[in-house]
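Structure file target.txt (compact mmCIF, N, CA and C atoms) follows.
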```
# COMPACT_ATOMS: atom_id res chain seq x y z
N MET V 216 6.83 43.33 -7.57
CA MET V 216 8.04 42.87 -6.92
C MET V 216 8.02 41.36 -6.72
N THR V 217 6.90 40.80 -6.37
CA THR V 217 6.79 39.37 -6.18
C THR V 217 7.09 38.61 -7.46
N ALA V 218 6.59 39.10 -8.60
CA ALA V 218 6.85 38.45 -9.88
C ALA V 218 8.33 38.41 -10.19
N LEU V 219 9.04 39.49 -9.88
CA LEU V 219 10.48 39.55 -10.14
C LEU V 219 11.21 38.51 -9.30
N VAL V 220 10.84 38.37 -8.04
CA VAL V 220 11.47 37.38 -7.18
C VAL V 220 11.21 35.98 -7.73
N GLY V 221 9.98 35.71 -8.19
CA GLY V 221 9.65 34.41 -8.76
C GLY V 221 10.47 34.10 -9.99
N LEU V 222 10.67 35.08 -10.87
CA LEU V 222 11.48 34.88 -12.06
C LEU V 222 12.93 34.59 -11.70
N SER V 223 13.43 35.30 -10.74
CA SER V 223 14.81 35.10 -10.30
C SER V 223 14.98 33.69 -9.75
N TYR V 224 14.03 33.22 -8.98
CA TYR V 224 14.09 31.89 -8.41
C TYR V 224 14.04 30.83 -9.51
N ALA V 225 13.17 31.02 -10.50
CA ALA V 225 13.04 30.06 -11.59
C ALA V 225 14.35 29.95 -12.37
N ALA V 226 14.98 31.07 -12.65
CA ALA V 226 16.25 31.05 -13.38
C ALA V 226 17.30 30.31 -12.58
N THR V 227 17.33 30.49 -11.29
CA THR V 227 18.28 29.79 -10.44
C THR V 227 18.02 28.30 -10.45
N ALA V 228 16.75 27.91 -10.42
CA ALA V 228 16.41 26.49 -10.42
C ALA V 228 16.86 25.82 -11.71
N VAL V 229 16.68 26.47 -12.85
CA VAL V 229 17.12 25.90 -14.13
C VAL V 229 18.64 25.78 -14.14
N TYR V 230 19.34 26.80 -13.68
CA TYR V 230 20.80 26.76 -13.66
C TYR V 230 21.29 25.63 -12.75
N ALA V 231 20.64 25.46 -11.59
CA ALA V 231 21.06 24.43 -10.64
C ALA V 231 20.85 23.03 -11.20
N ALA V 232 19.92 22.88 -12.16
CA ALA V 232 19.60 21.57 -12.70
C ALA V 232 20.58 21.14 -13.80
N ALA V 233 21.53 21.99 -14.15
CA ALA V 233 22.47 21.66 -15.23
C ALA V 233 23.27 20.41 -14.87
N PRO V 234 23.47 19.54 -15.85
CA PRO V 234 24.20 18.30 -15.57
C PRO V 234 25.70 18.52 -15.43
N ALA V 235 26.34 17.60 -14.74
CA ALA V 235 27.80 17.63 -14.65
C ALA V 235 28.37 17.18 -15.99
N LEU V 236 29.38 17.91 -16.47
CA LEU V 236 30.04 17.57 -17.73
C LEU V 236 31.53 17.76 -17.51
N ASP V 237 32.32 16.75 -17.83
CA ASP V 237 33.76 16.79 -17.64
C ASP V 237 34.43 16.52 -18.98
N ALA V 238 35.51 17.23 -19.29
CA ALA V 238 36.23 17.02 -20.54
C ALA V 238 37.73 17.01 -20.25
N LYS V 239 38.43 15.99 -20.76
CA LYS V 239 39.87 15.84 -20.53
C LYS V 239 40.59 15.52 -21.83
N TRP V 240 41.72 16.20 -22.05
CA TRP V 240 42.55 15.98 -23.23
C TRP V 240 43.53 14.84 -22.97
N LYS V 241 43.91 14.14 -24.04
CA LYS V 241 44.95 13.11 -23.97
C LYS V 241 45.74 13.15 -25.27
N ILE V 242 47.05 13.03 -25.15
CA ILE V 242 47.91 12.96 -26.33
C ILE V 242 47.93 11.50 -26.78
N VAL V 243 47.53 11.25 -28.03
CA VAL V 243 47.47 9.90 -28.56
C VAL V 243 48.75 9.56 -29.31
N SER V 244 49.17 10.46 -30.22
CA SER V 244 50.40 10.20 -30.96
C SER V 244 51.19 11.51 -31.05
N PRO V 245 52.12 11.68 -30.13
CA PRO V 245 52.93 12.90 -30.16
C PRO V 245 54.00 12.83 -31.24
N THR V 246 54.44 13.98 -31.66
CA THR V 246 55.57 14.04 -32.59
C THR V 246 56.33 15.33 -32.31
N THR V 247 57.61 15.29 -32.52
CA THR V 247 58.43 16.50 -32.36
C THR V 247 58.80 17.05 -33.72
N GLU V 248 58.35 16.35 -34.76
CA GLU V 248 58.65 16.79 -36.12
C GLU V 248 57.47 17.58 -36.67
N SER V 249 57.54 17.92 -37.94
CA SER V 249 56.47 18.69 -38.54
C SER V 249 55.34 17.82 -39.06
N SER V 250 55.42 16.50 -38.89
CA SER V 250 54.34 15.63 -39.34
C SER V 250 53.15 15.73 -38.38
N ALA V 251 52.13 14.95 -38.62
CA ALA V 251 50.90 15.05 -37.85
C ALA V 251 51.01 14.40 -36.48
N SER V 252 50.20 14.90 -35.56
CA SER V 252 50.06 14.30 -34.24
C SER V 252 48.57 14.24 -33.93
N ALA V 253 48.22 13.47 -32.90
CA ALA V 253 46.81 13.27 -32.60
C ALA V 253 46.52 13.45 -31.12
N LEU V 254 45.33 14.00 -30.84
CA LEU V 254 44.85 14.21 -29.49
C LEU V 254 43.42 13.68 -29.41
N THR V 255 42.98 13.39 -28.20
CA THR V 255 41.56 13.09 -28.00
C THR V 255 41.03 13.97 -26.88
N LEU V 256 39.76 14.30 -26.97
CA LEU V 256 39.05 14.99 -25.90
C LEU V 256 37.95 14.04 -25.45
N THR V 257 38.09 13.51 -24.23
CA THR V 257 37.09 12.60 -23.68
C THR V 257 36.10 13.42 -22.87
N VAL V 258 34.83 13.29 -23.23
CA VAL V 258 33.76 14.04 -22.57
C VAL V 258 32.88 13.05 -21.82
N THR V 259 32.61 13.35 -20.56
CA THR V 259 31.74 12.52 -19.74
C THR V 259 30.58 13.38 -19.27
N LEU V 260 29.37 12.91 -19.57
CA LEU V 260 28.14 13.63 -19.26
C LEU V 260 27.36 12.85 -18.21
N GLU V 261 26.79 13.58 -17.28
CA GLU V 261 26.01 12.97 -16.20
C GLU V 261 24.88 12.09 -16.75
N ARG V 262 24.66 10.97 -16.10
CA ARG V 262 23.62 10.00 -16.50
C ARG V 262 22.25 10.70 -16.54
N GLY V 263 21.46 10.33 -17.55
CA GLY V 263 20.12 10.91 -17.69
C GLY V 263 20.07 12.12 -18.61
N TRP V 264 21.25 12.57 -19.06
CA TRP V 264 21.34 13.72 -19.94
C TRP V 264 21.96 13.30 -21.26
N HIS V 265 21.73 14.08 -22.30
CA HIS V 265 22.38 13.85 -23.59
C HIS V 265 22.67 15.19 -24.24
N LEU V 266 23.56 15.15 -25.24
CA LEU V 266 23.86 16.30 -26.09
C LEU V 266 23.46 15.92 -27.50
N ASN V 267 23.06 16.89 -28.29
CA ASN V 267 22.81 16.61 -29.70
C ASN V 267 24.14 16.28 -30.36
N ALA V 268 24.11 15.38 -31.33
CA ALA V 268 25.32 15.04 -32.07
C ALA V 268 25.81 16.24 -32.87
N ASN V 269 27.02 16.15 -33.38
CA ASN V 269 27.57 17.22 -34.21
C ASN V 269 26.75 17.40 -35.49
N ASP V 270 26.13 16.34 -35.94
CA ASP V 270 25.27 16.37 -37.12
C ASP V 270 23.86 15.90 -36.73
N PRO V 271 23.10 16.74 -36.02
CA PRO V 271 21.84 16.29 -35.44
C PRO V 271 20.72 16.01 -36.44
N ASP V 272 20.88 16.31 -37.69
CA ASP V 272 19.96 16.07 -38.80
C ASP V 272 18.62 16.81 -38.73
N ARG V 273 18.57 17.81 -37.89
CA ARG V 273 17.43 18.74 -37.86
C ARG V 273 17.99 20.15 -37.68
N PRO V 274 17.60 21.08 -38.52
CA PRO V 274 18.22 22.41 -38.48
C PRO V 274 17.97 23.20 -37.20
N TYR V 275 16.96 22.86 -36.45
CA TYR V 275 16.64 23.60 -35.23
C TYR V 275 17.36 23.05 -33.99
N LEU V 276 18.05 21.93 -34.10
CA LEU V 276 18.78 21.37 -32.97
C LEU V 276 20.19 21.96 -32.90
N ILE V 277 20.67 22.19 -31.70
CA ILE V 277 21.99 22.77 -31.47
C ILE V 277 23.03 21.65 -31.50
N PRO V 278 23.97 21.67 -32.46
CA PRO V 278 24.96 20.60 -32.53
C PRO V 278 26.06 20.76 -31.47
N THR V 279 26.70 19.65 -31.14
CA THR V 279 27.89 19.69 -30.30
C THR V 279 29.07 20.03 -31.22
N THR V 280 29.87 21.03 -30.82
CA THR V 280 30.98 21.48 -31.65
C THR V 280 32.24 21.65 -30.80
N LEU V 281 33.38 21.51 -31.46
CA LEU V 281 34.67 21.77 -30.83
C LEU V 281 35.39 22.80 -31.68
N GLU V 282 35.75 23.92 -31.07
CA GLU V 282 36.51 24.97 -31.74
C GLU V 282 37.88 25.07 -31.08
N ILE V 283 38.92 25.09 -31.90
CA ILE V 283 40.29 25.11 -31.39
C ILE V 283 41.02 26.32 -31.98
N ASP V 284 41.76 27.04 -31.13
CA ASP V 284 42.61 28.14 -31.57
C ASP V 284 44.05 27.64 -31.56
N PRO V 285 44.53 27.12 -32.70
CA PRO V 285 45.88 26.54 -32.71
C PRO V 285 46.94 27.63 -32.64
N PRO V 286 48.06 27.34 -32.01
CA PRO V 286 49.16 28.30 -32.00
C PRO V 286 49.79 28.39 -33.39
N ASP V 287 50.58 29.42 -33.59
CA ASP V 287 51.27 29.60 -34.87
C ASP V 287 52.06 28.35 -35.23
N GLY V 288 51.98 27.97 -36.50
CA GLY V 288 52.74 26.83 -36.99
C GLY V 288 52.03 25.49 -36.85
N ILE V 289 50.86 25.48 -36.23
CA ILE V 289 50.10 24.24 -36.05
C ILE V 289 48.78 24.38 -36.82
N ARG V 290 48.43 23.33 -37.56
CA ARG V 290 47.15 23.31 -38.29
C ARG V 290 46.23 22.26 -37.66
N ILE V 291 44.95 22.57 -37.64
CA ILE V 291 43.96 21.56 -37.25
C ILE V 291 43.59 20.85 -38.55
N GLU V 292 44.05 19.63 -38.73
CA GLU V 292 43.76 18.89 -39.96
C GLU V 292 42.37 18.31 -39.95
N SER V 293 41.92 17.83 -38.79
CA SER V 293 40.57 17.29 -38.71
C SER V 293 40.11 17.20 -37.26
N ILE V 294 38.80 17.26 -37.10
CA ILE V 294 38.14 16.96 -35.83
C ILE V 294 37.11 15.89 -36.16
N GLN V 295 37.28 14.73 -35.55
CA GLN V 295 36.38 13.61 -35.81
C GLN V 295 35.46 13.45 -34.60
N TYR V 296 34.18 13.58 -34.86
CA TYR V 296 33.18 13.42 -33.80
C TYR V 296 32.78 11.95 -33.73
N PRO V 297 32.34 11.49 -32.56
CA PRO V 297 31.97 10.08 -32.43
C PRO V 297 30.67 9.77 -33.19
N ASP V 298 30.45 8.47 -33.41
CA ASP V 298 29.18 8.04 -33.96
C ASP V 298 28.08 8.37 -32.95
N ALA V 299 26.96 8.83 -33.45
CA ALA V 299 25.85 9.21 -32.58
C ALA V 299 25.08 7.97 -32.14
N VAL V 300 24.47 8.08 -30.97
CA VAL V 300 23.49 7.12 -30.50
C VAL V 300 22.16 7.60 -31.08
N VAL V 301 21.39 6.72 -31.69
CA VAL V 301 20.10 7.11 -32.26
C VAL V 301 19.00 6.56 -31.35
N ARG V 302 18.22 7.50 -30.77
CA ARG V 302 17.18 7.11 -29.83
C ARG V 302 15.93 7.93 -30.04
N SER V 303 14.78 7.32 -29.75
CA SER V 303 13.52 8.06 -29.73
C SER V 303 13.29 8.53 -28.30
N LEU V 304 12.89 9.77 -28.17
CA LEU V 304 12.59 10.34 -26.85
C LEU V 304 11.12 10.74 -26.81
N ALA V 305 10.56 10.80 -25.61
CA ALA V 305 9.14 11.08 -25.44
C ALA V 305 8.71 12.38 -26.12
N PHE V 306 9.52 13.42 -26.03
CA PHE V 306 9.11 14.71 -26.59
C PHE V 306 9.25 14.76 -28.12
N ALA V 307 9.87 13.77 -28.72
CA ALA V 307 10.04 13.72 -30.18
C ALA V 307 9.55 12.36 -30.68
N ALA V 308 8.33 12.02 -30.32
CA ALA V 308 7.76 10.71 -30.66
C ALA V 308 7.83 10.45 -32.16
N GLY V 309 8.29 9.25 -32.51
CA GLY V 309 8.32 8.85 -33.91
C GLY V 309 9.47 9.44 -34.71
N ALA V 310 10.30 10.25 -34.09
CA ALA V 310 11.41 10.88 -34.81
C ALA V 310 12.70 10.66 -34.02
N PRO V 311 13.42 9.57 -34.26
CA PRO V 311 14.66 9.30 -33.53
C PRO V 311 15.64 10.47 -33.65
N LEU V 312 16.39 10.69 -32.59
CA LEU V 312 17.36 11.79 -32.53
C LEU V 312 18.77 11.23 -32.49
N ARG V 313 19.71 11.99 -33.03
CA ARG V 313 21.14 11.64 -33.02
C ARG V 313 21.77 12.32 -31.81
N LEU V 314 22.29 11.53 -30.87
CA LEU V 314 22.72 12.03 -29.56
C LEU V 314 24.10 11.51 -29.15
N TYR V 315 24.68 12.22 -28.18
CA TYR V 315 25.85 11.73 -27.45
C TYR V 315 25.40 11.57 -26.00
N GLU V 316 25.76 10.44 -25.40
CA GLU V 316 25.40 10.16 -24.01
C GLU V 316 26.62 9.59 -23.29
N GLY V 317 26.57 9.62 -21.97
CA GLY V 317 27.63 8.99 -21.17
C GLY V 317 29.00 9.56 -21.47
N THR V 318 29.94 8.69 -21.84
CA THR V 318 31.30 9.10 -22.17
C THR V 318 31.53 8.90 -23.66
N PHE V 319 32.04 9.94 -24.31
CA PHE V 319 32.33 9.86 -25.74
C PHE V 319 33.62 10.61 -26.03
N VAL V 320 34.23 10.32 -27.20
CA VAL V 320 35.56 10.85 -27.52
C VAL V 320 35.54 11.59 -28.85
N LEU V 321 36.13 12.79 -28.85
CA LEU V 321 36.37 13.55 -30.07
C LEU V 321 37.85 13.41 -30.39
N ARG V 322 38.17 13.14 -31.65
CA ARG V 322 39.56 12.93 -32.07
C ARG V 322 40.02 14.13 -32.90
N VAL V 323 41.21 14.63 -32.57
CA VAL V 323 41.76 15.81 -33.25
C VAL V 323 43.10 15.43 -33.87
N ARG V 324 43.23 15.72 -35.14
CA ARG V 324 44.51 15.49 -35.85
C ARG V 324 45.12 16.86 -36.12
N LEU V 325 46.35 17.00 -35.67
CA LEU V 325 47.09 18.26 -35.82
C LEU V 325 48.15 18.11 -36.89
N GLY V 326 48.35 19.15 -37.66
CA GLY V 326 49.47 19.21 -38.59
C GLY V 326 50.64 19.84 -37.86
N GLY V 327 51.58 19.03 -37.45
CA GLY V 327 52.73 19.51 -36.69
C GLY V 327 52.79 18.86 -35.33
N PRO V 328 53.77 19.26 -34.54
CA PRO V 328 53.94 18.66 -33.21
C PRO V 328 52.83 19.11 -32.25
N VAL V 329 52.65 18.35 -31.17
CA VAL V 329 51.68 18.73 -30.15
C VAL V 329 52.18 20.00 -29.47
N PRO V 330 51.38 21.05 -29.49
CA PRO V 330 51.81 22.29 -28.82
C PRO V 330 51.73 22.12 -27.30
N ARG V 331 52.43 22.97 -26.60
CA ARG V 331 52.37 22.94 -25.14
C ARG V 331 51.02 23.42 -24.64
N ARG V 332 50.40 24.34 -25.40
CA ARG V 332 49.16 24.94 -24.93
C ARG V 332 48.35 25.46 -26.10
N PHE V 333 47.01 25.37 -25.98
CA PHE V 333 46.10 26.07 -26.89
C PHE V 333 44.73 26.18 -26.22
N ASP V 334 43.95 27.11 -26.72
CA ASP V 334 42.59 27.30 -26.21
C ASP V 334 41.61 26.56 -27.10
N ALA V 335 40.57 26.02 -26.48
CA ALA V 335 39.53 25.32 -27.22
C ALA V 335 38.22 25.49 -26.45
N ARG V 336 37.11 25.32 -27.20
CA ARG V 336 35.79 25.48 -26.62
C ARG V 336 34.86 24.37 -27.13
N LEU V 337 34.10 23.78 -26.21
CA LEU V 337 33.11 22.78 -26.54
C LEU V 337 31.74 23.44 -26.45
N GLY V 338 31.05 23.52 -27.59
CA GLY V 338 29.70 24.08 -27.62
C GLY V 338 28.70 22.95 -27.59
N TYR V 339 27.64 23.10 -26.79
CA TYR V 339 26.66 22.01 -26.67
C TYR V 339 25.36 22.52 -26.08
N GLN V 340 24.34 21.68 -26.16
CA GLN V 340 23.08 21.92 -25.48
C GLN V 340 22.72 20.62 -24.77
N ALA V 341 22.61 20.69 -23.46
CA ALA V 341 22.28 19.51 -22.66
C ALA V 341 20.76 19.38 -22.54
N CYS V 342 20.29 18.15 -22.73
CA CYS V 342 18.86 17.86 -22.64
C CYS V 342 18.66 16.57 -21.86
N ASN V 343 17.47 16.42 -21.28
CA ASN V 343 17.08 15.15 -20.70
C ASN V 343 15.78 14.72 -21.36
N GLU V 344 15.06 13.80 -20.79
CA GLU V 344 13.83 13.30 -21.40
C GLU V 344 12.72 14.35 -21.45
N GLU V 345 12.85 15.41 -20.64
CA GLU V 345 11.76 16.38 -20.52
C GLU V 345 12.09 17.78 -21.02
N THR V 346 13.34 18.17 -20.96
CA THR V 346 13.67 19.55 -21.26
C THR V 346 15.07 19.69 -21.84
N CYS V 347 15.28 20.81 -22.52
CA CYS V 347 16.62 21.17 -22.99
C CYS V 347 17.02 22.48 -22.31
N LEU V 348 18.25 22.54 -21.85
CA LEU V 348 18.77 23.75 -21.24
C LEU V 348 19.27 24.69 -22.34
N PRO V 349 19.49 25.95 -22.04
CA PRO V 349 20.05 26.86 -23.05
C PRO V 349 21.43 26.37 -23.51
N PRO V 350 21.80 26.64 -24.76
CA PRO V 350 23.13 26.25 -25.25
C PRO V 350 24.22 26.84 -24.35
N LYS V 351 25.33 26.12 -24.29
CA LYS V 351 26.43 26.53 -23.41
C LYS V 351 27.76 26.29 -24.13
N THR V 352 28.77 27.05 -23.75
CA THR V 352 30.13 26.85 -24.25
C THR V 352 31.03 26.60 -23.05
N LEU V 353 31.76 25.50 -23.09
CA LEU V 353 32.68 25.13 -22.02
C LEU V 353 34.11 25.31 -22.52
N ALA V 354 34.90 26.10 -21.79
CA ALA V 354 36.32 26.25 -22.12
C ALA V 354 37.02 24.93 -21.82
N VAL V 355 37.76 24.41 -22.80
CA VAL V 355 38.51 23.16 -22.63
C VAL V 355 39.95 23.39 -23.12
N PRO V 356 40.70 24.24 -22.41
CA PRO V 356 42.06 24.52 -22.85
C PRO V 356 42.94 23.29 -22.74
N PHE V 357 43.92 23.20 -23.64
CA PHE V 357 44.91 22.13 -23.62
C PHE V 357 46.18 22.74 -23.05
N ASP V 358 46.76 22.07 -22.05
CA ASP V 358 47.99 22.58 -21.43
C ASP V 358 48.81 21.39 -20.95
N VAL V 359 49.94 21.16 -21.60
CA VAL V 359 50.80 20.04 -21.23
C VAL V 359 51.35 20.26 -19.83
N GLY V 360 51.64 21.49 -19.47
CA GLY V 360 52.16 21.79 -18.15
C GLY V 360 53.57 21.24 -17.94
N GLU V 361 54.10 21.46 -16.79
CA GLU V 361 55.47 21.04 -16.50
C GLU V 361 55.58 19.53 -16.29
N SER V 362 54.46 18.88 -15.89
CA SER V 362 54.52 17.45 -15.62
C SER V 362 54.49 16.62 -16.90
N GLY V 363 54.16 17.26 -18.04
CA GLY V 363 54.11 16.53 -19.29
C GLY V 363 52.73 15.95 -19.57
N GLY V 364 51.80 16.08 -18.63
CA GLY V 364 50.44 15.60 -18.84
C GLY V 364 49.55 16.72 -19.32
N SER V 365 48.42 16.37 -19.88
CA SER V 365 47.49 17.39 -20.37
C SER V 365 46.28 17.48 -19.46
N LYS V 366 45.65 18.64 -19.49
CA LYS V 366 44.44 18.85 -18.69
C LYS V 366 43.24 18.68 -19.56
```
Take the structure in this file and express it as structure tokens.
Amino acid sequence: MTALVGLSYAATAVYAAAPALDAKWKIVSPTTESSASALTLTVTLERGWHLNANDPDRPYLIPTTLEIDPPDGIRIESIQYPDAVVRSLAFAAGAPLRLYEGTFVLRVRLGGPVPRRFDARLGYQACNEETCLPPKTLAVPFDVGESGGSK
């Protein structure tokens, strides 16, 4: 019974150590026609943490990904990930890693007008200088809402 309590406590401690991550959508170039429009997703990660880049250059690293479920009549033409920061970390001595840190922006080009709403998910694995947490998926829905702003 004591071992079970210890395991439960350890799992809670790892969960509590997860960094703060915030993601906000912005309309960059709206259109009401069938031509392309553009959005950005600005992601801010707590200081001292990083995410692997979308192209981490090692098959065992978990990439940062954005998945979008577009509404009918809208195409996702492209998702452009930011340039990675290349840094050497203590646990990967001599092998620089491709990372995202601080605040970074993903750019989305849509075929068609900006929809009022769609579902999207940001997949990532947060790490610091000592450890990596389990991979996580954050829901980042887009919703213009009645005020005309996006969440």
Write down as a VMD selection string the residues of region 252-359 of chain V whose backbone DSSP state falls under strand (DSSP E or B).
chain V and resid 252 to 260 265 to 267 280 to 284 290 to 295 300 to 302 312 to 316 318 to 326 332 to 339 341 to 342 347 351 to 354 357 to 358
If the box runs along x, y and z of the file and leaves 3 Å on each side of region 264-280 of chain V, what are its centre and edge lengths in Å, one decimal, as AutoDock Vina command-line options?
```
--center_x 24.4 --center_y 18.1 --center_z -28.9 --size_x 21.6 --size_y 17.0 --size_z 25.7
```
If we count all atoms listed in the file, what is near Ala238 (chain V) at a cut-off of 6.5 Å, once residues fewer than 2 positions away on the same chain are taken out, given as number ranges by chain?
V: 236, 240, 256-259, 366
One decimal place gives the CA of Lys351 (chain V)-atom N of Ile291 (chain V) separation as 23.7 Å
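Take the candidates V:Pro245, V:Val329, V:Asp237, V:Asp298 and check each one against Pro285 (chain V) using only C-alpha atoms; the shortest distance goes to V:Val329.
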Within 10 Å of Cys347 (chain V), counting only C-alpha atoms, which residues show up once you throw out same-chain ones fewer than 6 positions away? Write them as number ranges by chain, please.
V: 233, 264-266, 340-341
Within 5 Å of (40.6, 12.4, -29.8), in the coordinates the file gives, what residues turn up when you count all atoms listed in the file, written out as a ChimeraX atom specification?
/V:254-256,321-323
Dump of N, CA and C atoms for the selected residues, as a PDB file, in the frame of the given file:
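Result saved to result_30.pdb:
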```
ATOM      1  N   LEU V 254      45.330  14.000 -30.840  1.00  0.00           N
ATOM      2  CA  LEU V 254      44.850  14.210 -29.490  1.00  0.00           C
ATOM      3  C   LEU V 254      43.420  13.680 -29.410  1.00  0.00           C
ATOM      4  N   THR V 255      42.980  13.390 -28.200  1.00  0.00           N
ATOM      5  CA  THR V 255      41.560  13.090 -28.000  1.00  0.00           C
ATOM      6  C   THR V 255      41.030  13.970 -26.880  1.00  0.00           C
ATOM      7  N   LEU V 256      39.760  14.300 -26.970  1.00  0.00           N
ATOM      8  CA  LEU V 256      39.050  14.990 -25.900  1.00  0.00           C
ATOM      9  C   LEU V 256      37.950  14.040 -25.450  1.00  0.00           C
ATOM     10  N   LEU V 321      36.130  12.790 -28.850  1.00  0.00           N
ATOM     11  CA  LEU V 321      36.370  13.550 -30.070  1.00  0.00           C
ATOM     12  C   LEU V 321      37.850  13.410 -30.390  1.00  0.00           C
ATOM     13  N   ARG V 322      38.170  13.140 -31.650  1.00  0.00           N
ATOM     14  CA  ARG V 322      39.560  12.930 -32.070  1.00  0.00           C
ATOM     15  C   ARG V 322      40.020  14.130 -32.900  1.00  0.00           C
ATOM     16  N   VAL V 323      41.210  14.630 -32.570  1.00  0.00           N
ATOM     17  CA  VAL V 323      41.760  15.810 -33.250  1.00  0.00           C
ATOM     18  C   VAL V 323      43.100  15.430 -33.870  1.00  0.00           C
TER      19      VAL V 323
END
```
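One finds CA of Glu282 (chain V) at 10.8 Å from CA of Phe333 (chain V).
The shortest atom-to-atom distance to Thr318 (chain V), with all atoms listed in the file taken into account, belongs to V:Leu260 out of V:Leu260, V:Ala268, V:Leu304, V:Ala253.
With distances restricted to all atoms listed in the file, V:Gly327 is the closest residue to Thr246 (chain V) from V:Gly327, V:Gly338, V:Pro356, V:Pro349.
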Any idea what's packed within 6 Å of Tyr339 (chain V), counting all atoms listed in the file, ignoring anything in its chain fewer than 4 positions away? Could you give it as a PDB file with N, CA and C atoms, keeping the file's coordinate frame?
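Listed below is the output, part_30.pdb:
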```pdb
ATOM      1  N   ILE V 277      20.670  22.190 -31.700  1.00  0.00           N
ATOM      2  CA  ILE V 277      21.990  22.770 -31.470  1.00  0.00           C
ATOM      3  C   ILE V 277      23.030  21.650 -31.500  1.00  0.00           C
ATOM      4  N   PRO V 278      23.970  21.670 -32.460  1.00  0.00           N
ATOM      5  CA  PRO V 278      24.960  20.600 -32.530  1.00  0.00           C
ATOM      6  C   PRO V 278      26.060  20.760 -31.470  1.00  0.00           C
ATOM      7  N   THR V 279      26.700  19.650 -31.140  1.00  0.00           N
ATOM      8  CA  THR V 279      27.890  19.690 -30.300  1.00  0.00           C
ATOM      9  C   THR V 279      29.070  20.030 -31.220  1.00  0.00           C
ATOM     10  N   THR V 280      29.870  21.030 -30.820  1.00  0.00           N
ATOM     11  CA  THR V 280      30.980  21.480 -31.650  1.00  0.00           C
ATOM     12  C   THR V 280      32.240  21.650 -30.800  1.00  0.00           C
ATOM     13  N   PRO V 350      21.800  26.640 -24.760  1.00  0.00           N
ATOM     14  CA  PRO V 350      23.130  26.250 -25.250  1.00  0.00           C
ATOM     15  C   PRO V 350      24.220  26.840 -24.350  1.00  0.00           C
ATOM     16  N   LYS V 351      25.330  26.120 -24.290  1.00  0.00           N
ATOM     17  CA  LYS V 351      26.430  26.530 -23.410  1.00  0.00           C
ATOM     18  C   LYS V 351      27.760  26.290 -24.130  1.00  0.00           C
ATOM     19  N   THR V 352      28.770  27.050 -23.750  1.00  0.00           N
ATOM     20  CA  THR V 352      30.130  26.850 -24.250  1.00  0.00           C
ATOM     21  C   THR V 352      31.030  26.600 -23.050  1.00  0.00           C
TER      22      THR V 352
END
```
Atomic distance atom N of Pro274 (chain V) - atom N of Arg324 (chain V), expressed in Å with one decimal:
26.4 Å
Give me the residues near Asp334 (chain V) as a PyMOL selection string, where near means some atom within 8 Å (using all atoms listed in the file) and where sequence neighbours in that chain fewer than 6 positions away do not count.
chain V and resi 282-286+354-358
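With only C-alpha atoms as the atoms that count, the residue of V:Ala235, V:Ile289, V:Leu348, V:Val243 with the shortest distance to Pro330 (chain V) is V:Ile289.
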Skipping near chain neighbours, those fewer than 2 positions away, what residues fall within 7 Å of Leu312 (chain V) using all atoms listed in the file, listed as a count of residues only?
9
So, counting all atoms listed in the file, which residue among V:Ile242, V:Glu345, V:Arg313, V:Ser293 is closest to Asp272 (chain V)?
V:Arg313
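Of the residues listed (V:Gly317, V:Val359, V:Thr346, V:Pro311), V:Val359 shows the shortest atom-to-atom separation from Lys241 (chain V); distances use only C-alpha atoms.
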